[in-house]
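*Asks:* Next comes the structure file final02.txt, holding compact mmCIF, C-alpha atoms.
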```
# COMPACT_ATOMS: atom_id res chain seq x y z
CA MET A 22 -18.84 94.25 -29.06
CA LYS A 23 -18.37 92.49 -25.73
CA LEU A 24 -21.62 92.15 -23.80
CA ASP A 25 -21.80 92.68 -20.07
CA ARG A 26 -24.42 91.67 -17.49
CA ILE A 27 -26.53 94.75 -18.21
CA ASP A 28 -26.59 94.09 -21.98
CA ILE A 29 -27.73 90.51 -21.32
CA LYS A 30 -30.45 91.81 -18.98
CA ILE A 31 -31.60 94.33 -21.61
CA LEU A 32 -31.86 91.55 -24.22
CA TYR A 33 -33.67 89.30 -21.73
CA GLU A 34 -36.24 91.97 -20.90
CA LEU A 35 -36.76 92.98 -24.53
CA GLN A 36 -37.39 89.41 -25.65
CA LYS A 37 -40.07 89.13 -22.96
CA ASN A 38 -41.66 92.47 -23.88
CA GLY A 39 -40.56 94.20 -27.07
CA ARG A 40 -43.02 97.04 -26.44
CA ILE A 41 -41.59 98.05 -23.09
CA THR A 42 -40.81 101.74 -22.86
CA ASN A 43 -37.21 102.82 -22.53
CA VAL A 44 -37.95 104.29 -19.10
CA GLU A 45 -39.43 100.99 -17.87
CA LEU A 46 -36.54 99.03 -19.36
CA ALA A 47 -33.98 101.37 -17.79
CA ASP A 48 -35.63 100.86 -14.41
CA LEU A 49 -35.52 97.06 -14.77
CA VAL A 50 -31.81 97.03 -15.67
CA HIS A 51 -30.89 99.74 -13.13
CA LEU A 52 -29.73 102.39 -15.61
CA SER A 53 -30.91 105.89 -16.35
CA PRO A 54 -32.95 106.15 -19.57
CA SER A 55 -30.30 107.79 -21.77
CA PRO A 56 -27.54 105.16 -21.30
CA CYS A 57 -30.16 102.42 -21.58
CA LEU A 58 -31.35 103.76 -24.94
CA MET A 59 -27.76 104.04 -26.16
CA ARG A 60 -27.17 100.38 -25.24
CA VAL A 61 -30.35 99.26 -27.03
CA LYS A 62 -29.36 101.15 -30.18
CA LYS A 63 -25.87 99.61 -30.02
CA LEU A 64 -27.37 96.11 -29.57
CA GLN A 65 -29.55 96.76 -32.62
CA SER A 66 -26.73 98.08 -34.79
CA GLU A 67 -24.45 95.16 -33.82
CA GLY A 68 -27.15 92.64 -34.81
CA TYR A 69 -27.95 91.26 -31.35
CA ILE A 70 -31.51 92.49 -31.83
CA GLU A 71 -32.78 91.38 -35.22
CA GLY A 72 -36.26 92.86 -34.98
CA TYR A 73 -39.50 93.02 -33.04
CA SER A 74 -42.72 91.09 -33.58
CA ALA A 75 -46.12 90.43 -32.06
CA GLN A 76 -46.89 87.19 -30.25
CA VAL A 77 -50.22 86.11 -31.71
CA ASN A 78 -52.60 84.01 -29.63
CA ILE A 79 -53.26 81.41 -32.31
CA GLY A 80 -55.89 79.71 -30.13
CA LYS A 81 -58.13 82.78 -30.38
CA LEU A 82 -58.06 82.53 -34.17
CA GLY A 83 -59.28 78.95 -34.31
CA GLN A 84 -58.29 75.34 -33.91
CA THR A 85 -54.88 74.16 -35.11
CA LEU A 86 -52.85 70.98 -34.99
CA THR A 87 -49.22 70.88 -33.87
CA VAL A 88 -47.15 67.88 -34.91
CA PHE A 89 -43.55 67.04 -34.15
CA THR A 90 -42.07 64.86 -36.86
CA GLU A 91 -38.90 62.79 -36.85
CA ILE A 92 -37.50 62.45 -40.36
CA THR A 93 -34.77 60.07 -41.49
CA LEU A 94 -33.12 60.58 -44.85
CA LYS A 95 -32.04 57.70 -47.11
CA ASN A 96 -28.56 59.13 -47.68
CA HIS A 97 -26.39 61.46 -45.65
CA ARG A 98 -24.31 63.37 -48.14
CA GLN A 99 -24.26 67.15 -48.02
CA VAL A 100 -26.24 67.29 -51.28
CA ASP A 101 -28.99 65.13 -49.70
CA PHE A 102 -29.37 67.47 -46.74
CA ALA A 103 -29.35 70.52 -49.02
CA ARG A 104 -32.01 69.06 -51.33
CA PHE A 105 -34.26 68.23 -48.38
CA LEU A 106 -33.87 71.66 -46.76
CA ALA A 107 -34.42 73.52 -50.03
CA VAL A 108 -37.92 72.02 -50.16
CA VAL A 109 -39.00 72.14 -46.51
CA GLU A 110 -37.88 75.72 -45.92
CA LYS A 111 -40.58 76.82 -48.40
CA ILE A 112 -43.40 75.15 -46.43
CA ASP A 113 -45.15 77.77 -44.27
CA GLN A 114 -46.49 75.12 -41.89
CA VAL A 115 -42.94 74.10 -40.92
CA ILE A 116 -42.32 76.24 -37.86
CA GLU A 117 -39.03 74.65 -36.78
CA CYS A 118 -36.54 72.23 -38.34
CA HIS A 119 -33.59 70.89 -36.39
CA LEU A 120 -30.76 68.64 -37.56
CA VAL A 121 -30.24 66.33 -34.58
CA SER A 122 -28.01 63.52 -33.43
CA GLY A 123 -29.43 60.12 -32.60
CA GLY A 124 -31.69 57.71 -34.43
CA TYR A 125 -33.09 60.13 -37.00
CA ASP A 126 -31.89 63.19 -38.90
CA TYR A 127 -34.40 66.01 -38.45
CA LEU A 128 -36.90 66.98 -35.80
CA MET A 129 -39.52 69.25 -37.31
CA LYS A 130 -42.45 71.16 -35.87
CA PHE A 131 -45.52 71.63 -38.04
CA VAL A 132 -48.55 73.76 -37.25
CA THR A 133 -51.46 73.02 -39.57
CA ALA A 134 -55.19 73.56 -39.79
CA GLY A 135 -55.76 69.88 -39.01
CA ILE A 136 -54.64 66.32 -39.54
CA ALA A 137 -55.77 66.30 -43.19
CA GLU A 138 -53.52 69.24 -44.05
CA TYR A 139 -50.57 67.67 -42.23
CA GLN A 140 -51.07 64.36 -44.02
CA THR A 141 -51.30 66.13 -47.39
CA ILE A 142 -48.01 67.89 -46.72
CA MET A 143 -46.29 64.65 -45.70
CA GLU A 144 -47.64 62.76 -48.71
CA ARG A 145 -46.43 65.53 -50.99
CA LEU A 146 -42.97 65.45 -49.36
CA THR A 147 -42.63 61.68 -49.70
CA ASP A 148 -43.89 61.78 -53.31
CA MET A 149 -41.33 64.46 -54.23
CA ASP A 150 -38.47 62.02 -53.80
CA ILE A 151 -36.33 64.42 -51.77
CA GLY A 152 -34.61 61.62 -49.90
CA ILE A 153 -37.01 60.83 -47.06
CA ASP A 154 -36.54 57.25 -45.90
CA LYS A 155 -39.10 57.29 -43.09
CA TYR A 156 -40.90 59.62 -40.73
CA PHE A 157 -42.71 59.38 -37.42
CA SER A 158 -45.38 61.83 -36.35
CA PHE A 159 -46.19 62.92 -32.81
CA VAL A 160 -49.42 64.90 -32.47
CA VAL A 161 -49.39 67.42 -29.63
CA LEU A 162 -52.36 66.98 -27.31
CA LYS A 163 -51.52 69.83 -24.96
CA SER A 164 -48.63 72.26 -24.44
CA PRO A 165 -48.54 73.06 -20.72
CA ILE A 166 -45.24 74.98 -21.01
CA VAL A 167 -44.34 77.20 -23.96
CA LYS A 168 -41.88 80.02 -23.48
CA ALA A 169 -41.20 82.68 -26.07
CA HIS A 170 -37.97 83.79 -24.44
CA MET A 171 -34.59 82.22 -23.74
CA PRO A 172 -33.09 82.21 -20.20
CA LEU A 173 -30.29 84.58 -21.25
CA PRO A 174 -28.98 85.48 -17.77
CA SER A 175 -28.37 81.82 -16.91
CA LEU A 176 -27.06 80.94 -20.38
CA PHE A 177 -24.62 83.85 -20.47
CA PRO A 178 -23.72 84.83 -16.89
CA ARG A 179 -21.35 87.79 -16.78
```
Have the structure of the file written as structure tokens, please.

*Replies:*
Amino acid sequence: MKLDRIDIKILYELQKNGRITNVELADLVHLSPSPCLMRVKKLQSEGYIEGYSAQVNIGKLGQTLTVFTEITLKNHRQVDFARFLAVVEKIDQVIECHLVSGGYDYLMKFVTAGIAEYQTIMERLTDMDIGIDKYFSFVVLKSPIVKAHMPLPSLFPR
């Protein structure tokens, strides 16, 4: 399926508001409701839309701690990366994990109940001998900009 400008706009609007009605979406993308709905169904069936979810205001639930962590592995064979990932993907508090270029291997984002929970997780990871050489932690004090959507129209201009 080759996407056009309208498909990209549909995806952009749906990622901002997954509960938008088809009529409202059609109006935003300048289509009539029936063709808009057909496009959405096609985007779903082709796997461009993987699902819908609620954006929870975690701050209303209570206090949390967000930590970005740089992790360097001792060795850099494929088996070392696989062993590390097999463990960290099972940790619910790991929200993101990125293999990056530069001075370390992984940049990870943790969200925990507090510093004690984060430290317990990191101690457990280092004690497991999964190849961690060193890690550096960066505690988030404030997040003035957090976007839940990607800038699809500028990333994929048609």

*Asks:* Return the single residue from A:Glu91, A:Asp101, A:Glu110, A:Glu67 that is closest to Lys155 in chain A, with distances computed using all atoms listed in the file.

*Replies:*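 Comparing A:Glu91, A:Asp101, A:Glu110, A:Glu67 against Lys155 in chain A, the winner is A:Glu91.
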
*Asks:* List as a list in words the protein and nucleic acid residues near Leu32 in chain A, meaning an atom at most 9 Å away when all atoms listed in the file are counted, but skip any in the same chain fewer than 6 places from it.

*Replies:* Val61, Leu64, Tyr69, Ile70 and Leu173 of chain A

*Asks:* Check the smallest atom-to-atom distance from each of A:Glu117, A:Ser175, A:Val108, A:Leu128 to Leu146 in chain A using all atoms listed in the file, then report the winner.

*Replies:*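 Checking each of A:Glu117, A:Ser175, A:Val108, A:Leu128 against Leu146 in chain A, counting all atoms listed in the file, the winner is A:Val108.
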
*Asks:* Write out as lines of an AutoDock Vina configuration file an axis-aligned box for range 138-144 of chain A: all of its atoms listed in the file, 8 Å added on each side, centre and edge lengths in Å with one decimal.

*Replies:*
```
center_x = -49.9
center_y = 66.0
center_z = -45.5
size_x = 23.2
size_y = 22.5
size_z = 22.5
```

*Asks:* Using all atoms listed in the file, determine which residues lie at most 8 Å from range 119-126 of chain A, disregarding the query and same-chain residues fewer than 5 positions distant; provide the list as a list in words.

*Replies:*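 Using all atoms listed in the file, the neighbours found are Glu91, Ile92, Thr93 and Leu94 of chain A.
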
*Asks:* Looking at all atoms listed in the file, which of A:Pro56, A:Gly80, A:Arg40, A:Ala103 is the one that sits closest to Ile27 in chain A?

*Replies:*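 Smallest distance to Ile27 in chain A is found for A:Pro56.
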
*Asks:* Quick one: of A:Val167, A:Ala134, A:Ile112, A:Leu35, who's nearest to Gln84 in chain A, counting only C-alpha atoms?

*Replies:*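 Counting only C-alpha atoms, the residue closest to Gln84 in chain A is A:Ala134.
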
*Asks:* Identify the residues within 12 Å of coordinate (-18.5, 91.2, -24.3) (same frame as the file), considering all atoms listed in the file, and give the answer as number ranges by chain.

*Replies:* A: 22-29, 64, 67, 69, 177-179

*Asks:* Please save C-alpha atoms of the selected residues as a PDB file, keeping the file's coordinate frame.

*Replies:*
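Dumped everything to part.pdb:
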```pdb
ATOM      1  CA  MET A  22     -18.840  94.250 -29.060  1.00  0.00           C
ATOM      2  CA  LYS A  23     -18.370  92.490 -25.730  1.00  0.00           C
ATOM      3  CA  LEU A  24     -21.620  92.150 -23.800  1.00  0.00           C
ATOM      4  CA  ASP A  25     -21.800  92.680 -20.070  1.00  0.00           C
ATOM      5  CA  ARG A  26     -24.420  91.670 -17.490  1.00  0.00           C
ATOM      6  CA  ILE A  27     -26.530  94.750 -18.210  1.00  0.00           C
ATOM      7  CA  ASP A  28     -26.590  94.090 -21.980  1.00  0.00           C
ATOM      8  CA  ILE A  29     -27.730  90.510 -21.320  1.00  0.00           C
ATOM      9  CA  LEU A  64     -27.370  96.110 -29.570  1.00  0.00           C
ATOM     10  CA  GLU A  67     -24.450  95.160 -33.820  1.00  0.00           C
ATOM     11  CA  TYR A  69     -27.950  91.260 -31.350  1.00  0.00           C
ATOM     12  CA  PHE A 177     -24.620  83.850 -20.470  1.00  0.00           C
ATOM     13  CA  PRO A 178     -23.720  84.830 -16.890  1.00  0.00           C
ATOM     14  CA  ARG A 179     -21.350  87.790 -16.780  1.00  0.00           C
TER      15      ARG A 179
END
```

*Asks:* Find the distance between CA of Lys163 in chain A and CA of Phe105 in chain A and write it in Å to one decimal.

*Replies:*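 Interatomic distance here is 29.1 Å.
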
*Asks:* Expressed in Å to a single decimal, how great is the separation between CA of Ala169 in chain A and CA of Gly39 in chain A?

*Replies:*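 CA of Gly39 in chain A lies at a distance of 11.6 Å from CA of Ala169 in chain A.
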
*Asks:* Could you tell me how far CA of Val77 in chain A sits from CA of Asp113 in chain A, in Å to one decimal place?

*Replies:*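 These atoms are spaced 15.9 Å apart.
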
*Asks:* Between A:Leu162, A:Ile79, A:Leu58, A:Met149, which is the closest to Asn43 in chain A once you count only C-alpha atoms?

*Replies:*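 Smallest distance to Asn43 in chain A is found for A:Leu58.
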
*Asks:* Looking at A:Ile41, A:Leu176, A:Leu86, A:Met143, which one is nearest to Tyr73 in chain A, with distances taken over all atoms listed in the file?

*Replies:*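 Smallest separation from Tyr73 in chain A among the options: A:Ile41.
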
*Asks:* Could the residues of range 60-91 of chain A that have an atom at most 12 Å from range 135-140 of chain A be listed as a Markdown table, each with its closest atom pair and the distance in Å to one decimal, counting all atoms listed in the file and ordered by chain and ascending residue number?

*Replies:*
```
| residue | atom | partner | partner_atom | distance |
| --- | --- | --- | --- | --- |
| A:Gly83 | CA | A:Gly135 | CA | 10.8 |
| A:Gln84 | CA | A:Gly135 | CA | 7.9 |
| A:Thr85 | CA | A:Gly135 | CA | 5.9 |
| A:Leu86 | CA | A:Gly135 | CA | 5.1 |
| A:Thr87 | CA | A:Gly135 | CA | 8.4 |
| A:Val88 | CA | A:Tyr139 | CA | 8.1 |
| A:Phe89 | CA | A:Tyr139 | CA | 10.7 |
| A:Thr90 | CA | A:Tyr139 | CA | 10.4 |
```
